[in-house]
$ cat target15.cif   # mmCIF, C-alpha atoms
data_run
loop_
_atom_site.label_atom_id
_atom_site.label_comp_id
_atom_site.auth_asym_id
_atom_site.auth_seq_id
_atom_site.Cartn_x
_atom_site.Cartn_y
_atom_site.Cartn_z
CA MET A 239 -23.09 5.87 1.89
CA ALA A 240 -23.67 2.16 1.68
CA SER A 241 -26.00 0.26 3.98
CA TRP A 242 -25.92 -3.32 5.19
CA ASN A 243 -27.28 -5.96 2.81
CA SER A 244 -27.75 -8.62 5.48
CA VAL A 245 -29.28 -8.01 8.90
CA PRO A 246 -27.69 -11.16 10.43
CA LEU A 247 -24.25 -10.09 9.18
CA GLU A 248 -24.80 -6.59 10.56
CA LEU A 249 -25.71 -8.11 13.92
CA LEU A 250 -22.67 -10.40 13.84
CA SER A 251 -20.43 -7.44 13.00
CA ASN A 252 -21.77 -5.54 15.99
CA VAL A 253 -21.16 -8.56 18.24
CA PHE A 254 -17.57 -8.86 17.00
CA GLY A 255 -17.03 -5.12 17.29
CA TRP A 256 -18.27 -4.76 20.85
CA THR A 257 -16.51 -7.96 21.90
CA ALA A 258 -13.25 -6.46 20.65
CA PHE A 259 -14.08 -3.21 22.43
CA CYS A 260 -14.80 -4.97 25.74
CA ALA A 261 -11.73 -7.22 25.50
CA TRP A 262 -9.38 -4.38 24.60
CA SER A 263 -10.88 -2.05 27.17
CA ILE A 264 -10.78 -4.57 30.02
CA SER A 265 -7.24 -5.52 29.01
CA PHE A 266 -5.94 -2.32 30.62
CA TYR A 267 -7.22 -3.24 34.07
CA PRO A 268 -5.12 -6.33 34.95
CA GLN A 269 -1.94 -4.24 34.75
CA VAL A 270 -3.48 -1.38 36.72
CA ILE A 271 -4.71 -3.78 39.41
CA LEU A 272 -1.34 -5.58 39.51
CA ASN A 273 0.46 -2.26 39.99
CA PHE A 274 -1.95 -1.30 42.77
CA ARG A 275 -1.57 -4.60 44.64
CA ARG A 276 2.22 -4.62 44.41
CA LYS A 277 2.55 -0.86 44.97
CA SER A 278 5.29 -1.25 42.39
CA VAL A 279 5.72 -0.96 38.63
CA VAL A 280 9.01 -2.86 38.51
CA GLY A 281 8.84 -5.25 35.55
CA LEU A 282 6.58 -2.99 33.50
CA ASN A 283 8.58 -1.24 30.79
CA PHE A 284 8.04 2.53 30.89
CA ASP A 285 8.90 2.98 27.21
CA PHE A 286 6.05 0.59 26.38
CA VAL A 287 3.57 2.71 28.33
CA LEU A 288 4.70 6.05 26.86
CA LEU A 289 4.69 4.73 23.30
CA ASN A 290 1.28 3.21 23.99
CA LEU A 291 -0.09 6.59 25.08
CA THR A 292 1.22 8.19 21.89
CA LYS A 293 -0.33 5.40 19.86
CA HIS A 294 -3.76 5.61 21.45
CA SER A 295 -3.82 9.43 21.33
CA SER A 296 -3.13 9.47 17.58
CA TYR A 297 -5.63 6.65 17.06
CA LEU A 298 -8.28 8.62 18.95
CA ILE A 299 -7.72 11.62 16.67
CA TYR A 300 -8.15 9.39 13.61
CA ASN A 301 -11.23 7.52 14.85
CA ALA A 302 -13.07 10.52 16.27
CA THR A 303 -12.45 12.67 13.19
CA LEU A 304 -13.50 10.03 10.68
CA PHE A 305 -16.55 9.08 12.73
CA PHE A 306 -17.88 12.57 13.55
CA SER A 307 -16.68 14.80 10.68
CA SER A 308 -18.99 14.83 7.67
CA VAL A 309 -16.29 16.64 5.66
CA VAL A 310 -13.75 13.86 6.24
CA GLN A 311 -16.39 11.21 5.55
CA LYS A 312 -17.20 12.89 2.23
CA GLN A 313 -13.53 12.90 1.23
CA TYR A 314 -13.25 9.23 2.21
CA LEU A 315 -16.26 8.20 0.08
CA GLU A 316 -14.99 10.25 -2.87
CA LYS A 317 -11.68 8.39 -2.69
CA TYR A 318 -12.87 4.83 -2.02
CA GLY A 319 -16.38 4.87 -3.52
CA LEU A 320 -19.82 6.13 -2.51
CA ASP A 321 -21.03 2.58 -1.96
CA GLN A 322 -18.54 1.95 0.86
CA LEU A 323 -19.15 1.98 4.60
CA ILE A 324 -17.12 4.28 6.81
CA PRO A 325 -14.56 1.89 8.40
CA VAL A 326 -14.81 3.40 11.88
CA ALA A 327 -17.62 2.34 14.21
CA ALA A 328 -18.85 3.78 17.50
CA ASN A 329 -17.01 1.08 19.45
CA ASP A 330 -13.73 2.20 17.86
CA VAL A 331 -14.20 5.73 19.18
CA ALA A 332 -15.30 4.51 22.61
CA PHE A 333 -12.29 2.21 22.82
CA SER A 334 -9.86 4.99 21.91
CA ILE A 335 -11.20 7.36 24.55
CA HIS A 336 -11.05 4.67 27.21
CA ALA A 337 -7.54 3.59 26.12
CA VAL A 338 -6.11 7.10 26.41
CA LEU A 339 -7.56 7.54 29.91
CA LEU A 340 -6.35 4.17 31.23
CA THR A 341 -2.88 4.50 29.70
CA ALA A 342 -2.53 7.96 31.22
CA PHE A 343 -3.57 6.51 34.58
CA THR A 344 -0.89 3.82 34.23
CA LEU A 345 1.66 6.59 33.72
CA PHE A 346 0.36 8.17 36.92
CA GLN A 347 0.98 4.87 38.72
CA ILE A 348 4.53 4.87 37.40
CA ALA A 349 4.99 8.30 38.95
CA ILE A 350 3.75 7.33 42.43
CA TYR A 351 4.75 3.66 42.87
CA ASP A 352 8.12 2.01 43.40
CA ARG A 353 10.08 2.11 40.14
CA GLY A 354 13.31 0.49 41.23
CA ASN A 355 16.05 1.76 38.93
CA GLN A 356 13.80 1.82 35.86
CA LYS A 357 13.21 4.98 33.83
CA VAL A 358 12.05 6.13 30.40
CA SER A 359 14.88 5.78 27.91
CA LYS A 360 16.26 8.70 25.92
CA THR A 361 15.52 6.76 22.75
CA CYS A 362 11.82 6.60 23.64
CA ILE A 363 11.70 10.32 24.45
CA ALA A 364 13.33 11.08 21.09
CA ILE A 365 10.87 8.84 19.20
CA VAL A 366 7.83 10.42 20.84
CA SER A 367 9.17 13.94 20.23
CA VAL A 368 9.79 13.23 16.55
CA ALA A 369 6.36 11.64 16.20
CA TRP A 370 4.43 14.63 17.49
CA LEU A 371 6.66 17.10 15.64
CA SER A 372 5.92 15.22 12.42
CA ALA A 373 2.20 15.35 13.19
CA ALA A 374 2.42 19.12 13.67
CA VAL A 375 4.16 19.49 10.31
CA CYS A 376 1.40 17.46 8.66
CA VAL A 377 -1.22 19.82 10.10
CA PHE A 378 0.45 22.85 8.48
CA ILE A 379 0.77 20.99 5.17
CA ALA A 380 -2.93 20.03 5.14
CA LEU A 381 -4.29 23.47 6.06
CA PRO A 382 -3.97 25.28 2.68
CA SER A 383 -5.58 22.51 0.59
CA HIS A 384 -8.02 21.27 3.27
CA SER A 385 -6.70 17.75 2.83
CA TRP A 386 -8.36 16.52 6.01
CA LEU A 387 -8.58 12.88 4.99
CA TRP A 388 -4.85 12.87 4.26
CA LEU A 389 -4.22 14.52 7.62
CA VAL A 390 -6.18 11.98 9.66
CA SER A 391 -4.49 9.25 7.63
CA CYS A 392 -1.17 10.65 8.87
CA PHE A 393 -2.36 10.19 12.45
CA ASN A 394 -3.48 6.70 11.49
CA THR A 395 -0.02 5.97 10.10
CA LEU A 396 1.50 7.32 13.31
CA GLN A 397 -0.51 4.93 15.46
CA VAL A 398 0.47 2.03 13.20
CA VAL A 399 4.16 2.92 13.65
CA MET A 400 3.70 3.21 17.42
CA THR A 401 1.87 -0.12 17.51
CA THR A 402 4.71 -1.77 15.60
CA ILE A 403 7.45 -0.58 17.96
CA LYS A 404 5.70 -0.17 21.33
CA TYR A 405 5.88 -3.88 22.23
CA ILE A 406 9.59 -4.21 21.49
CA PRO A 407 10.92 -2.61 24.73
CA GLN A 408 8.76 -4.89 26.90
CA ALA A 409 9.70 -8.00 24.92
CA VAL A 410 13.40 -7.14 25.16
CA MET A 411 13.10 -6.39 28.88
CA ASN A 412 11.44 -9.77 29.50
CA PHE A 413 14.26 -11.44 27.56
CA ARG A 414 16.98 -9.69 29.55
CA ARG A 415 15.32 -10.36 32.91
CA LYS A 416 14.35 -13.91 31.89
CA SER A 417 11.07 -13.12 33.65
CA THR A 418 7.66 -11.58 33.03
CA VAL A 419 7.03 -10.77 36.72
CA GLY A 420 5.45 -7.32 36.98
CA PHE A 421 3.93 -7.49 33.48
CA SER A 422 0.34 -8.74 33.51
CA ILE A 423 -0.41 -11.67 31.20
CA GLY A 424 -4.14 -10.94 31.62
CA ASN A 425 -3.60 -7.82 29.55
CA ILE A 426 -2.09 -9.93 26.76
CA LEU A 427 -4.80 -12.61 26.71
CA LEU A 428 -7.56 -10.01 26.46
CA ASP A 429 -5.60 -8.09 23.84
CA LEU A 430 -5.36 -11.26 21.75
CA LEU A 431 -9.12 -11.78 21.98
CA GLY A 432 -9.66 -8.18 20.88
CA GLY A 433 -7.38 -8.57 17.88
CA VAL A 434 -9.06 -11.73 16.65
CA THR A 435 -12.60 -10.35 17.01
CA SER A 436 -11.57 -7.07 15.37
CA TYR A 437 -10.48 -9.01 12.29
CA GLY A 438 -13.77 -10.89 12.48
CA GLN A 439 -15.73 -7.65 12.39
CA MET A 440 -13.83 -6.37 9.35
CA ALA A 441 -14.22 -9.70 7.55
CA VAL A 442 -17.98 -9.81 8.13
CA GLN A 443 -18.35 -6.26 6.83
CA SER A 444 -16.32 -7.11 3.72
CA ILE A 445 -18.41 -10.23 3.06
CA ASP A 446 -21.62 -8.22 3.32
CA GLN A 447 -20.37 -5.56 0.88
CA ASN A 448 -18.66 -8.13 -1.38
CA SER A 449 -15.57 -5.91 -1.26
CA TRP A 450 -12.27 -6.08 0.63
CA VAL A 451 -11.66 -2.34 0.43
CA ASN A 452 -12.54 -2.30 4.13
CA PHE A 453 -9.13 -3.85 4.87
CA TYR A 454 -6.94 -1.56 2.79
CA GLY A 455 -9.25 1.46 3.22
CA ASN A 456 -8.56 1.25 6.96
CA ILE A 457 -5.02 -0.10 6.81
CA GLY A 458 -4.36 1.20 10.32
CA LYS A 459 -6.96 -1.05 11.90
CA THR A 460 -5.80 -3.99 9.78
CA LEU A 461 -2.14 -3.65 10.77
CA LEU A 462 -3.10 -2.85 14.34
CA SER A 463 -4.77 -6.23 14.74
CA LEU A 464 -2.04 -8.14 12.88
CA VAL A 465 0.88 -6.67 14.85
CA SER A 466 -0.97 -6.96 18.16
CA ILE A 467 -1.71 -10.66 17.57
CA PHE A 468 1.94 -11.36 16.71
CA PHE A 469 3.32 -9.75 19.88
CA ASP A 470 0.54 -11.20 22.03
CA LEU A 471 1.61 -14.67 20.94
CA LEU A 472 5.23 -13.75 21.68
CA PHE A 473 4.38 -12.57 25.21
CA ILE A 474 2.32 -15.70 25.83
CA LEU A 475 5.32 -17.78 24.74
CA GLN A 476 7.59 -15.82 27.10
CA HIS A 477 5.20 -16.07 30.06
CA TYR A 478 4.15 -19.71 29.87
CA VAL A 479 7.05 -21.43 28.06
CA LEU A 480 10.32 -19.49 28.15
CA TYR A 481 10.13 -17.73 31.53
CA PRO A 482 7.38 -19.37 33.61
CA ALA A 483 6.94 -18.01 37.13
CA LYS A 484 8.61 -20.20 39.76
CA LYS A 485 6.27 -21.11 42.61
CA THR A 486 7.90 -21.90 45.95
CA ALA A 487 5.89 -23.33 48.81
CA THR A 488 6.71 -22.15 52.33
CA SER A 489 5.84 -23.74 55.65
CA PRO A 490 6.57 -22.99 59.31
CA ASN A 491 9.37 -25.61 59.25
CA SER A 492 10.82 -24.53 55.91
CA ASP A 493 14.26 -23.02 55.59
CA THR A 494 12.76 -19.59 55.04
CA GLY A 495 10.59 -19.81 58.11
CA THR A 496 13.46 -21.22 60.17
CA SER A 497 15.76 -18.44 59.07
CA LYS A 498 13.24 -15.79 60.05
CA PHE A 499 12.75 -17.53 63.41
CA HIS A 500 16.50 -17.61 63.97
CA VAL A 501 16.90 -13.95 63.05
CA LYS A 502 14.13 -12.85 65.42
CA LEU A 503 15.54 -14.83 68.37
CA GLY A 504 19.06 -13.73 67.54
CA SER A 505 17.97 -10.12 67.46
CA SER A 506 16.22 -10.48 70.81
CA LEU A 507 19.33 -12.11 72.31
CA SER A 508 21.52 -9.28 71.05
CA LEU A 509 19.54 -6.86 73.21
CA PHE A 510 21.35 -8.36 76.22
CA SER A 511 24.82 -8.01 74.70
CA ASP A 512 25.67 -5.19 77.04
CA PHE A 513 24.93 -7.33 80.08
CA LEU A 514 26.28 -10.77 79.07
CA PRO A 515 29.98 -11.63 78.65
CA ASN A 516 31.08 -12.57 75.11
CA ALA A 517 31.67 -16.24 76.03
CA ALA A 518 28.14 -16.60 77.38
CA LEU A 519 26.71 -14.84 74.35
CA ASP A 520 28.58 -17.13 71.94
CA LEU A 521 27.39 -20.19 73.85
CA SER A 522 23.80 -18.96 73.68
CA HIS A 523 24.06 -18.52 69.92
CA GLN A 524 25.46 -22.04 69.52
CA ARG A 525 22.59 -23.53 71.54
CA LEU A 526 20.12 -21.50 69.52
CA LYS A 527 21.49 -22.87 66.23
CA SER A 528 21.36 -26.41 67.61
CA TYR A 529 17.72 -25.95 68.63
CA VAL A 530 16.72 -24.53 65.25
CA GLY A 531 18.46 -27.43 63.50
CA GLN A 532 16.48 -29.95 65.56
CA GLN A 533 13.20 -28.15 64.77
CA SER A 534 13.84 -28.00 61.01
CA SER A 535 14.67 -31.72 60.93
#
$ encode --input "target15.cif" --output "structure tokens"
Amino acid sequence: MASWNSVPLELLSNVFGWTAFCAWSISFYPQVILNFRRKSVVGLNFDFVLLNLTKHSSYLIYNATLFFSSVVQKQYLEKYGLDQLIPVAANDVAFSIHAVLLTAFTLFQIAIYDRGNQKVSKTCIAIVSVAWLSAAVCVFIALPSHSWLWLVSCFNTLQVVMTTIKYIPQAVMNFRRKSTVGFSIGNILLDLLGGVTSYGQMAVQSIDQNSWVNFYGNIGKTLLSLVSIFFDLLFILQHYVLYPAKKTATSPNSDTGTSKFHVKLGSSLSLFSDFLPNAALDLSHQRLKSYVGQQSS
């Protein structure tokens, strides 16, 4: 197995790697916190979350196996060269574990918070079912020949496919609603930082080894960063340019405050409807409206 040729480049790679890990890991929290504060998940697409869980679960299987299994590492080096570095670092494994836990917790929030009329689509359920059924078939194919590297590569391919399609439901939902309310932009900004620094880590490693096999030897990680950056930029465009949040200021004399004031007084007045004649009650309402109009002006 190859070793680093440059200590500064090794240090820079670690900085990029752990920066990507921190950014990607923290990126799950803005959405979780937003859901908790609103006690609602309306605006968050459920298909996106379920596809994301499938993606991170398959990516965890790939990362953990390639990082911990000496058998899979041996098959990787035999295929790509004994002088190559294993393209999965400790931060990749740590990120995957954390991602699965936080995505599962987001699904738990979907189960307990207000969902409006949103639900997981039948299309998403079908896609996830086919994905895991295909993974099971790959396991049975790999068993006789012990093709473990091919097997984990299948899980890597699965996570690439999930990454490619998981953003689409949320992007379409934002387009249809003409709003990104309920979907945290903090998640997207941190995800973008993680994608850029992940590419930086891979580039530094390739420069040190004077070989770009690191990119196509770990095509999953390469495509993961590329697709994530593309959709992050799309979501940023939707949030800040196409569908910016409308801020409305309210004051005690605003129409909203006046309306609430009128409703409260009107409700209190209606308590005496059994005791006052209709003419007197109508006159009282007219005077109330006149008073509210004077206050709002």
$ resolve_selection --input "target15.cif" --expression "the PyMOL selection byres ((chain A and resi 250) around 12)" --output "list in words"
Trp242, Ser244, Val245, Pro246, Leu247, Glu248, Leu249, Ser251, Asn252, Val253, Phe254, Gly255, Trp256, Thr257, Thr435, Ser436, Gly438, Gln439, Met440, Ala441, Val442, Gln443, Ile445 and Asp446 of chain A
$ write_last_selection --input "target15.cif" --atoms "C-alpha atoms" --output "PDB file, in the frame of the given file"
ATOM      1  CA  TRP A 242     -25.920  -3.320   5.190  1.00  0.00           C
ATOM      2  CA  SER A 244     -27.750  -8.620   5.480  1.00  0.00           C
ATOM      3  CA  VAL A 245     -29.280  -8.010   8.900  1.00  0.00           C
ATOM      4  CA  PRO A 246     -27.690 -11.160  10.430  1.00  0.00           C
ATOM      5  CA  LEU A 247     -24.250 -10.090   9.180  1.00  0.00           C
ATOM      6  CA  GLU A 248     -24.800  -6.590  10.560  1.00  0.00           C
ATOM      7  CA  LEU A 249     -25.710  -8.110  13.920  1.00  0.00           C
ATOM      8  CA  SER A 251     -20.430  -7.440  13.000  1.00  0.00           C
ATOM      9  CA  ASN A 252     -21.770  -5.540  15.990  1.00  0.00           C
ATOM     10  CA  VAL A 253     -21.160  -8.560  18.240  1.00  0.00           C
ATOM     11  CA  PHE A 254     -17.570  -8.860  17.000  1.00  0.00           C
ATOM     12  CA  GLY A 255     -17.030  -5.120  17.290  1.00  0.00           C
ATOM     13  CA  TRP A 256     -18.270  -4.760  20.850  1.00  0.00           C
ATOM     14  CA  THR A 257     -16.510  -7.960  21.900  1.00  0.00           C
ATOM     15  CA  THR A 435     -12.600 -10.350  17.010  1.00  0.00           C
ATOM     16  CA  SER A 436     -11.570  -7.070  15.370  1.00  0.00           C
ATOM     17  CA  GLY A 438     -13.770 -10.890  12.480  1.00  0.00           C
ATOM     18  CA  GLN A 439     -15.730  -7.650  12.390  1.00  0.00           C
ATOM     19  CA  MET A 440     -13.830  -6.370   9.350  1.00  0.00           C
ATOM     20  CA  ALA A 441     -14.220  -9.700   7.550  1.00  0.00           C
ATOM     21  CA  VAL A 442     -17.980  -9.810   8.130  1.00  0.00           C
ATOM     22  CA  GLN A 443     -18.350  -6.260   6.830  1.00  0.00           C
ATOM     23  CA  ILE A 445     -18.410 -10.230   3.060  1.00  0.00           C
ATOM     24  CA  ASP A 446     -21.620  -8.220   3.320  1.00  0.00           C
TER      25      ASP A 446
END
$ resolve_selection --input "target15.cif" --expression "the PyMOL selection byres ((chain A and resi 285) around 12)" --output "PyMOL selection string"
chain A and resi 281-284+286-292+345+348+356-366+400+403-411
$ resolve_selection --input "target15.cif" --expression "the PyMOL selection byres ((chain A and resi 402) around 10)" --output "number ranges by chain"
A: 293, 396-401, 403-406, 461-462, 464-466, 469
$ write_last_selection --input "target15.cif" --atoms "C-alpha atoms" --output "PDB file, keeping the file's coordinate frame"
ATOM      1  CA  LYS A 293      -0.330   5.400  19.860  1.00  0.00           C
ATOM      2  CA  LEU A 396       1.500   7.320  13.310  1.00  0.00           C
ATOM      3  CA  GLN A 397      -0.510   4.930  15.460  1.00  0.00           C
ATOM      4  CA  VAL A 398       0.470   2.030  13.200  1.00  0.00           C
ATOM      5  CA  VAL A 399       4.160   2.920  13.650  1.00  0.00           C
ATOM      6  CA  MET A 400       3.700   3.210  17.420  1.00  0.00           C
ATOM      7  CA  THR A 401       1.870  -0.120  17.510  1.00  0.00           C
ATOM      8  CA  ILE A 403       7.450  -0.580  17.960  1.00  0.00           C
ATOM      9  CA  LYS A 404       5.700  -0.170  21.330  1.00  0.00           C
ATOM     10  CA  TYR A 405       5.880  -3.880  22.230  1.00  0.00           C
ATOM     11  CA  ILE A 406       9.590  -4.210  21.490  1.00  0.00           C
ATOM     12  CA  LEU A 461      -2.140  -3.650  10.770  1.00  0.00           C
ATOM     13  CA  LEU A 462      -3.100  -2.850  14.340  1.00  0.00           C
ATOM     14  CA  LEU A 464      -2.040  -8.140  12.880  1.00  0.00           C
ATOM     15  CA  VAL A 465       0.880  -6.670  14.850  1.00  0.00           C
ATOM     16  CA  SER A 466      -0.970  -6.960  18.160  1.00  0.00           C
ATOM     17  CA  PHE A 469       3.320  -9.750  19.880  1.00  0.00           C
TER      18      PHE A 469
END
$ closest_residue --input "target15.cif" --among "A:Cys376, A:Leu475, A:Cys392, A:Ile350" --to "Val279 of chain A" --atoms "all atoms listed in the file"
A:Ile350
$ residues_around --input "target15.cif" --residues "Ser391 of chain A" --least-positions-apart "2" --cutoff "12 Å" --atoms "only C-alpha atoms" --output "JSON, numbers by chain"
{"A": [296, 297, 298, 299, 300, 301, 303, 304, 310, 313, 314, 373, 376, 377, 380, 385, 386, 387, 388, 389, 393, 394, 395, 396, 397, 398, 455, 456, 457, 458, 459]}
$ atom_distance --input "target15.cif" --atom1 "atom CA of Gly420 of chain A" --atom2 "atom CA of Tyr437 of chain A"
29.4 Å
$ closest_atom_pairs --input "target15.cif" --of "segment 308-383 of chain A" --to "segment 269-278 of chain A" --cutoff "12 Å" --atoms "all atoms listed in the file" --output "Markdown table"
| residue | atom | partner | partner_atom | distance |
| --- | --- | --- | --- | --- |
| A:Leu339 | CA | A:Val270 | CA | 11.9 |
| A:Leu340 | CA | A:Val270 | CA | 8.3 |
| A:Thr341 | CA | A:Val270 | CA | 9.2 |
| A:Ala342 | CA | A:Val270 | CA | 10.9 |
| A:Phe343 | CA | A:Val270 | CA | 8.2 |
| A:Thr344 | CA | A:Val270 | CA | 6.3 |
| A:Leu345 | CA | A:Val270 | CA | 9.9 |
| A:Phe346 | CA | A:Val270 | CA | 10.3 |
| A:Gln347 | CA | A:Asn273 | CA | 7.3 |
| A:Ile348 | CA | A:Ser278 | CA | 7.9 |
| A:Ala349 | CA | A:Ser278 | CA | 10.2 |
| A:Ile350 | CA | A:Lys277 | CA | 8.7 |
| A:Tyr351 | CA | A:Ser278 | CA | 5.0 |
| A:Asp352 | CA | A:Ser278 | CA | 4.4 |
| A:Arg353 | CA | A:Ser278 | CA | 6.3 |
| A:Gly354 | CA | A:Ser278 | CA | 8.3 |
| A:Asn355 | CA | A:Ser278 | CA | 11.7 |
| A:Gln356 | CA | A:Ser278 | CA | 11.2 |
$ residues_around --input "target15.cif" --residues "Gln311 of chain A" --least-positions-apart "4" --cutoff "10 Å" --atoms "only C-alpha atoms" --output "PDB file with C-alpha atoms, in the coordinates of the input"
ATOM      1  CA  MET A 239     -23.090   5.870   1.890  1.00  0.00           C
ATOM      2  CA  THR A 303     -12.450  12.670  13.190  1.00  0.00           C
ATOM      3  CA  LEU A 304     -13.500  10.030  10.680  1.00  0.00           C
ATOM      4  CA  PHE A 305     -16.550   9.080  12.730  1.00  0.00           C
ATOM      5  CA  PHE A 306     -17.880  12.570  13.550  1.00  0.00           C
ATOM      6  CA  SER A 307     -16.680  14.800  10.680  1.00  0.00           C
ATOM      7  CA  LEU A 315     -16.260   8.200   0.080  1.00  0.00           C
ATOM      8  CA  GLU A 316     -14.990  10.250  -2.870  1.00  0.00           C
ATOM      9  CA  LYS A 317     -11.680   8.390  -2.690  1.00  0.00           C
ATOM     10  CA  LEU A 323     -19.150   1.980   4.600  1.00  0.00           C
ATOM     11  CA  ILE A 324     -17.120   4.280   6.810  1.00  0.00           C
ATOM     12  CA  PRO A 325     -14.560   1.890   8.400  1.00  0.00           C
ATOM     13  CA  TRP A 386      -8.360  16.520   6.010  1.00  0.00           C
ATOM     14  CA  LEU A 387      -8.580  12.880   4.990  1.00  0.00           C
TER      15      LEU A 387
END
$ closest_residue --input "target15.cif" --among "A:Val280, A:Ala374, A:Ile467, A:Ala483" --to "Asp429 of chain A" --atoms "all atoms listed in the file"
A:Ile467
$ atom_distance --input "target15.cif" --atom1 "atom CA of Asp470 of chain A" --atom2 "atom CA of Asn425 of chain A"
9.2 Å
$ atom_distance --input "target15.cif" --atom1 "atom CA of Ala328 of chain A" --atom2 "atom CA of Val375 of chain A"
28.8 Å
$ closest_residue --input "target15.cif" --among "A:Lys484, A:Val368, A:Gly433, A:Leu427" --to "Ser463 of chain A" --atoms "only C-alpha atoms"
A:Gly433
$ residues_around --input "target15.cif" --residues "Asp330 of chain A" --least-positions-apart "4" --cutoff "8 Å" --atoms "only C-alpha atoms" --output "list in words"
Phe259, Asn301, Val326 and Ser334 of chain A
$ closest_residue --input "target15.cif" --among "A:Asp321, A:Ala258, A:Ala337, A:Ser265" --to "Val451 of chain A" --atoms "all atoms listed in the file"
A:Asp321
$ closest_residue --input "target15.cif" --among "A:Val390, A:Phe473, A:Pro268, A:His384" --to "Ala302 of chain A" --atoms "all atoms listed in the file"
A:Val390
$ build_atoms --input "target15.cif" --residues "segment 377-390 of chain A" --atoms "N, CA, C and O atoms" --output "short mmCIF file (atom, residue, chain, number, x, y, z; two decimals), in the coordinates of the input"
data_model
loop_
_atom_site.label_atom_id
_atom_site.label_comp_id
_atom_site.auth_asym_id
_atom_site.auth_seq_id
_atom_site.Cartn_x
_atom_site.Cartn_y
_atom_site.Cartn_z
N VAL A 377 -0.09 18.90 9.92
CA VAL A 377 -1.22 19.82 10.10
C VAL A 377 -1.02 21.06 9.24
O VAL A 377 -1.95 21.51 8.53
N PHE A 378 0.17 21.64 9.26
CA PHE A 378 0.45 22.85 8.48
C PHE A 378 0.43 22.56 6.98
O PHE A 378 0.06 23.43 6.18
N ILE A 379 0.81 21.35 6.59
CA ILE A 379 0.77 20.99 5.17
C ILE A 379 -0.67 20.84 4.68
O ILE A 379 -1.01 21.22 3.55
N ALA A 380 -1.55 20.30 5.53
CA ALA A 380 -2.93 20.03 5.14
C ALA A 380 -3.81 21.28 5.14
O ALA A 380 -4.84 21.31 4.44
N LEU A 381 -3.44 22.28 5.91
CA LEU A 381 -4.29 23.47 6.06
C LEU A 381 -4.61 24.18 4.74
O LEU A 381 -5.79 24.45 4.46
N PRO A 382 -3.64 24.52 3.89
CA PRO A 382 -3.97 25.28 2.68
C PRO A 382 -4.93 24.57 1.73
O PRO A 382 -5.82 25.19 1.15
N SER A 383 -4.76 23.26 1.55
CA SER A 383 -5.58 22.51 0.59
C SER A 383 -6.77 21.80 1.22
O SER A 383 -7.54 21.15 0.51
N HIS A 384 -6.93 21.94 2.55
CA HIS A 384 -8.02 21.27 3.27
C HIS A 384 -8.01 19.76 3.03
O HIS A 384 -9.07 19.14 2.88
N SER A 385 -6.84 19.19 3.05
CA SER A 385 -6.70 17.75 2.83
C SER A 385 -6.87 17.02 4.15
O SER A 385 -5.94 16.42 4.71
N TRP A 386 -8.11 17.05 4.66
CA TRP A 386 -8.36 16.52 6.01
C TRP A 386 -8.26 15.00 6.06
O TRP A 386 -7.80 14.44 7.06
N LEU A 387 -8.69 14.34 5.01
CA LEU A 387 -8.58 12.88 4.99
C LEU A 387 -7.11 12.46 5.01
O LEU A 387 -6.73 11.52 5.72
N TRP A 388 -6.29 13.17 4.25
CA TRP A 388 -4.85 12.87 4.26
C TRP A 388 -4.27 13.12 5.64
O TRP A 388 -3.43 12.34 6.11
N LEU A 389 -4.74 14.18 6.30
CA LEU A 389 -4.22 14.52 7.62
C LEU A 389 -4.55 13.44 8.65
O LEU A 389 -3.67 13.00 9.40
N VAL A 390 -5.82 13.01 8.68
CA VAL A 390 -6.18 11.98 9.66
C VAL A 390 -5.51 10.65 9.32
O VAL A 390 -5.23 9.84 10.21
#
